[in-house]
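Engineer: Before I ask anything, here is the structure I am working with.
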Amino acid sequence: MAIRTRKNVFTLVDAQGEWHSDLLWYARAITEMKKKPIADPTSWRYQAAIHDYARQFDPLAQPSDVLPSATERQRFWGQCQHFSWFFLSWHRMYLFYFEQIVSATIKQLNGPEWALPYWNYSDASNPDARRLPPAFRAELTPDQEPNPLLVAQRNPGCNTGLVIADEFDIDISECLAEPAFVAQGTGGSPGFGGPQTGFNHGGGNAIGKIEMTPHGSMHMAVGGFMGAFNTAGLDPLFWLHHCNIDRLWTVWLQRDPTHRNPSQALWRDGVKFAFKDAAGHVVEHTSSQVVDTTATPLLYDYDDVSDPLEVAPGTAEVTVPEQPIPEMVGATDRPVVLTGPSEARLSVVPPAGPGLEAVGTAPEEIYLNIENITSPGAGPVTGFDVYLNVPPGEHAEAHPELRIGRMPLFGLAEASRADTAHAGNGLKYAYRIGNLVRRLQSENRWNAGDVRISFVPRRPAVSLEGTVEAATEPITVGRISMYVA
Amino acid sequence: MWRHPEWWSVALSLAAWIAIFSTPRHAASHQSTAINLLFWLLMVVAMMFPLVMPQVRQAAFHSLWSRRHRAIALFLIGYVLPWLAFGAIVITLQGKLPSDRRASAIVAILIAAAWQGSPSKRRALNNCHRVMPLAPRGWRANRDCVMFGCRIGAACVCACWALMLVCTVSDHSILTMCVATMVAIYDRAALGSA
């Protein structure tokens, strides 16, 4: 069977600079899918609800809605896998069946073969990479119809063509350099793909590097519908964003022969995920069935999976000893509440156990963990940038050399919720800070008894109504800890 | 051993199973409250400790290395406290059960079956996966480990009280305990513990 090729959306312009037919047919298919009732598996809203659905927060809810049965909702809705090693494989399946449904809809409209495009916001050669593709900002389609690719519920600047993400939002150097797919033990590397879990709704596990950035950061850069699990799929950009994340999985695998998918049977075949295909039939897959995009049933590839990173000569690749046991060497002794710029302090002790194996090997890795990040409400949140040992009385932003990383906080509300499907453990982020700590030590700016972590809030949050407002819900960090591995 | 600091809590569980297997069985009404409570504790250690190994490991690996075993011990102490409180209630009520033990067992099984499929059980099972931040040292660390154990213990009581009721009403019959353990293991696995 023919392999279809998923293309960079910025290459989809026709000779006149007008909409490429792929984007025009995407818009027509969405218009058609939006006409179908929410209980129809091929409808726009059903497809979005597969990711997550909260009736009380559904912006398109109508009193006339007839939802699918509780059994069907339990099995097919709210299935998104996050903070889990299933993040990549589940979203690959999700996108595949969405693409199949859109393609079938286009066929019914007498359109051509179609493949989902991807949005490569990290393309350094494209000065427009961090603006929304033009077709997603136009008021009307070339058919002179209201454009379904334009969604009002996005951050300011998105729909007016401004650059909406900074270098840190789109960074892929960290995730693509991550040596292992699966997270190390508690407190260590979160891995490229995420931590080992069962079918995951729990939160509390460290978020995999690719899920954190660029996945989470770009969700928050677009904001609006894209800013929450239960509305993200309602923005047509969601699918192009995740297509790019899916592509980066292939890029990571191909750029280094030591990069491998998990070999554990628990990942490969331990959990089945259920979907409905374009014909409405129930289908189930395990992760091992979707590792090769060019094989049945997927049968697609990408126009570009080349390695975008240049490893500078002399730069040591991060080497990870075989399955090290991360050892905790310090932590805060009480929660930290983030209502604006905030600081927390902890002290660290020398390792006394498995961390000793790492010390003396050059270089040992040190991890900073921001644990149990929760918020009580479902309101808009804003991400934070995290800094290390900012001099007292000075602004963190004045010290880019002390920057640890970004906390996008995508999924905060869902991870904080304790209900029949969630444990409410909140989000957890892990950052490599070994090089930064060693630099501070060499500059005499390190005191193990007084380690300061600063949090700087990012852009103002935008509600679903489109109003810019400061995030009013307090965000609580359960604990900040440091590990040596 | 570094990879499995929880080894000795597994050993405790095995020891509890051995103690239960090798102890002559008597009807609860023929035993003192203290003995009944001891059996209840043995049942909790035997059946529940293996199920909370993920949380025991969390307590260890979320602690400074030098206090990992203390963290586990404090967690387990906190964990059994809600169970002991529940057990005291059950034992007190057990004396008031009708003399028809079979009828009592059937009623208990029906209650357990009804509870098994309820949303409340599912919510309680999710709470068994709560993660609590632990202070690194001092009295706060000790307090947090005990509170973590209490919280998980309380969640486990909410999730598994009906199973334990069945075991108690059947005077801790080995068969009932084994079946109940299998059900509890299935519950944990089906939810997808880390």
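Labels used: A, B, ... for chains in the order of the structure tokens, numbers from 1 for residues in each chain, and numbers from 1 for ligands as shown.
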Please provide the set of residues having any atom within 12 Å of Met132 (chain B), restricted to only C-alpha atoms, with same-chain residues fewer than 5 positions apart removed, written as a PyMOL selection string.

Structural biologist: (chain A and resi 204+334-335+371-374+423-426+477-479) or (chain B and resi 55-56+58-59+62-63+75+127+141+143-152)

Engineer: With chain A as the partner and 9 Å as the cut-off, tabulate the residues of chain B that qualify, each row holding the nearest pair of atoms and their distance in Å to one decimal, using only C-alpha atoms, sorted by chain and rising number, as CSV.

Structural biologist:
```
residue,atom,partner,partner_atom,distance
B:Trp2,CA,A:Pro354,CA,7.3
B:Arg3,CA,A:Ile325,CA,7.1
B:Gln58,CA,A:Thr186,CA,7.6
B:Phe61,CA,A:Thr186,CA,6.3
B:His62,CA,A:Met328,CA,6.6
B:Ser63,CA,A:Met328,CA,6.4
B:Leu64,CA,A:Met328,CA,5.4
B:Trp65,CA,A:Gly353,CA,6.1
B:Ser66,CA,A:Ala352,CA,7.0
B:Pro119,CA,A:Thr420,CA,6.3
B:Ser120,CA,A:Thr420,CA,7.4
B:Lys121,CA,A:Thr420,CA,8.4
B:Arg122,CA,A:Thr420,CA,5.4
B:Arg123,CA,A:Thr420,CA,4.2
B:Ala124,CA,A:Thr420,CA,7.9
B:Leu125,CA,A:Thr420,CA,8.4
B:Asn126,CA,A:Ala423,CA,4.8
B:Asn127,CA,A:Ala423,CA,5.4
B:Cys128,CA,A:Ala423,CA,7.8
B:His129,CA,A:Ala423,CA,6.0
B:Arg130,CA,A:Ala423,CA,5.7
B:Val131,CA,A:Asn425,CA,5.9
B:Met132,CA,A:Gly478,CA,7.7
B:Pro133,CA,A:Gly478,CA,5.6
B:Leu134,CA,A:Asp333,CA,7.3
B:Ala135,CA,A:Asp333,CA,4.2
B:Pro136,CA,A:Ala331,CA,5.6
B:Arg137,CA,A:Asp333,CA,7.8
B:Arg140,CA,A:Asp333,CA,7.3
B:Ala141,CA,A:Asp333,CA,7.8
B:Ala189,CA,A:Gly198,CA,7.8
B:Ala190,CA,A:Phe199,CA,8.2
B:Leu191,CA,A:Phe199,CA,7.0
B:Gly192,CA,A:Gly198,CA,3.9
B:Ser193,CA,A:Gly198,CA,5.7
B:Ala194,CA,A:Thr197,CA,4.4
```

Engineer: Output as an NGL selection string all residues of region 9-172 of chain B that backbone DSSP marks as alpha helix (DSSP H).

Structural biologist: :B and (9-22 or 33-48 or 53-61 or 68-94 or 101-116 or 119-127 or 138-169)

Engineer: What would the file look like if the residues just selected were written as a compact mmCIF listing (two decimals), in the first residue's frame with C-alpha atoms?

Structural biologist:
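Listing of part-v3.txt after writing:
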```
# COMPACT_ATOMS: atom_id res chain seq x y z
CA SER B 9 8.89 -4.81 54.66
CA VAL B 10 8.30 -7.63 52.17
CA ALA B 11 9.95 -9.97 54.69
CA LEU B 12 7.55 -8.70 57.36
CA SER B 13 4.64 -9.52 55.10
CA LEU B 14 5.95 -13.04 54.49
CA ALA B 15 6.43 -13.53 58.20
CA ALA B 16 2.84 -12.46 58.77
CA TRP B 17 1.57 -14.98 56.20
CA ILE B 18 3.62 -17.71 57.91
CA ALA B 19 2.25 -16.71 61.29
CA ILE B 20 -1.31 -16.84 59.95
CA PHE B 21 -0.78 -20.23 58.25
CA SER B 22 0.79 -21.80 61.30
CA THR B 33 -10.19 -8.63 71.75
CA ALA B 34 -6.43 -8.27 71.96
CA ILE B 35 -5.85 -11.52 70.10
CA ASN B 36 -8.43 -10.60 67.49
CA LEU B 37 -6.74 -7.23 66.98
CA LEU B 38 -3.40 -8.97 66.64
CA PHE B 39 -4.82 -11.25 63.96
CA TRP B 40 -6.28 -8.21 62.26
CA LEU B 41 -2.85 -6.57 62.27
CA LEU B 42 -1.25 -9.75 60.90
CA MET B 43 -3.87 -9.76 58.14
CA VAL B 44 -3.10 -6.15 57.24
CA VAL B 45 0.66 -6.76 57.21
CA ALA B 46 0.28 -9.96 55.17
CA MET B 47 -2.23 -8.71 52.59
CA MET B 48 -1.69 -4.98 52.33
CA MET B 53 5.38 -1.34 47.97
CA PRO B 54 5.31 1.51 45.41
CA GLN B 55 4.51 3.99 48.20
CA VAL B 56 7.08 2.37 50.52
CA ARG B 57 9.71 2.85 47.82
CA GLN B 58 8.57 6.41 47.34
CA ALA B 59 9.10 7.09 51.03
CA ALA B 60 12.62 5.66 50.75
CA PHE B 61 13.70 7.32 47.51
CA ARG B 68 15.61 5.73 54.04
CA HIS B 69 14.87 2.85 56.40
CA ARG B 70 13.56 5.21 59.04
CA ALA B 71 11.31 6.72 56.38
CA ILE B 72 9.97 3.27 55.49
CA ALA B 73 9.40 2.35 59.13
CA LEU B 74 7.57 5.60 59.88
CA PHE B 75 5.49 5.22 56.74
CA LEU B 76 4.46 1.70 57.73
CA ILE B 77 3.60 2.79 61.26
CA GLY B 78 1.43 5.56 59.84
CA TYR B 79 -0.07 3.11 57.35
CA VAL B 80 -1.32 0.61 59.94
CA LEU B 81 -2.89 3.22 62.22
CA PRO B 82 -6.08 3.74 60.16
CA TRP B 83 -6.29 -0.02 59.71
CA LEU B 84 -6.05 -0.61 63.45
CA ALA B 85 -8.76 1.96 64.08
CA PHE B 86 -11.02 0.28 61.52
CA GLY B 87 -10.10 -3.11 62.92
CA ALA B 88 -11.09 -2.10 66.45
CA ILE B 89 -14.52 -1.10 65.13
CA VAL B 90 -14.94 -4.33 63.18
CA ILE B 91 -13.90 -6.50 66.11
CA THR B 92 -16.27 -4.70 68.44
CA LEU B 93 -19.16 -5.20 66.01
CA GLN B 94 -18.16 -8.80 65.30
CA ARG B 101 -21.70 -17.38 60.39
CA ARG B 102 -22.50 -18.50 56.87
CA ALA B 103 -25.25 -15.92 56.51
CA SER B 104 -22.92 -13.23 57.83
CA ALA B 105 -20.24 -14.25 55.34
CA ILE B 106 -22.70 -14.17 52.45
CA VAL B 107 -23.93 -10.73 53.44
CA ALA B 108 -20.33 -9.51 53.70
CA ILE B 109 -19.51 -10.91 50.25
CA LEU B 110 -22.56 -9.21 48.74
CA ILE B 111 -21.58 -5.91 50.33
CA ALA B 112 -18.02 -6.32 49.02
CA ALA B 113 -19.28 -7.10 45.52
CA ALA B 114 -21.53 -4.03 45.49
CA TRP B 115 -18.71 -1.83 46.74
CA GLN B 116 -16.27 -3.27 44.21
CA PRO B 119 -17.34 5.05 41.84
CA SER B 120 -16.47 5.60 45.48
CA LYS B 121 -14.22 2.58 45.43
CA ARG B 122 -12.57 3.84 42.26
CA ARG B 123 -11.99 7.23 43.86
CA ALA B 124 -10.52 5.55 46.92
CA LEU B 125 -8.26 3.40 44.75
CA ASN B 126 -6.94 6.52 43.05
CA ASN B 127 -6.20 7.99 46.46
CA GLY B 138 14.20 16.57 61.45
CA TRP B 139 10.82 16.27 63.08
CA ARG B 140 9.13 17.52 59.93
CA ALA B 141 10.55 14.60 57.98
CA ASN B 142 9.37 12.14 60.63
CA ARG B 143 5.96 13.76 60.74
CA ASP B 144 5.63 13.75 56.96
CA CYS B 145 6.53 10.05 56.69
CA VAL B 146 3.94 9.10 59.31
CA MET B 147 1.31 11.36 57.70
CA PHE B 148 2.09 9.92 54.26
CA GLY B 149 1.55 6.44 55.69
CA CYS B 150 -1.67 7.50 57.42
CA ARG B 151 -3.01 9.04 54.25
CA ILE B 152 -2.31 5.97 52.16
CA GLY B 153 -3.58 3.74 54.95
CA ALA B 154 -6.82 5.69 55.14
CA ALA B 155 -7.19 5.49 51.34
CA CYS B 156 -6.57 1.75 51.47
CA VAL B 157 -9.16 1.30 54.23
CA CYS B 158 -11.66 3.20 52.07
CA ALA B 159 -10.80 1.01 49.08
CA CYS B 160 -10.48 -2.37 50.76
CA TRP B 161 -12.68 -2.25 53.86
CA ALA B 162 -15.23 -4.56 52.31
CA LEU B 163 -12.62 -7.17 51.39
CA MET B 164 -11.26 -7.11 54.93
CA LEU B 165 -14.77 -7.42 56.30
CA VAL B 166 -15.24 -10.64 54.34
CA CYS B 167 -11.94 -11.97 55.69
CA THR B 168 -12.86 -11.13 59.27
CA VAL B 169 -16.34 -12.60 59.09
```

Engineer: Would you list the contacts of region 400-406 of chain A as a list in words, taking every protein, DNA or RNA residue within 7 Å and counting only C-alpha atoms, but skipping same-chain residues closer than 6 positions in sequence?

Structural biologist: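 The residues satisfying every condition are Phe384, Asp385, Val386, Tyr387, Leu388, Val390 and Ile433 of chain A.
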
Engineer: In Å, how far is it from CA of Ala29 (chain A) to CA of Ala115 (chain A)?

Structural biologist: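 Those two atoms sit 12.4 Å apart.
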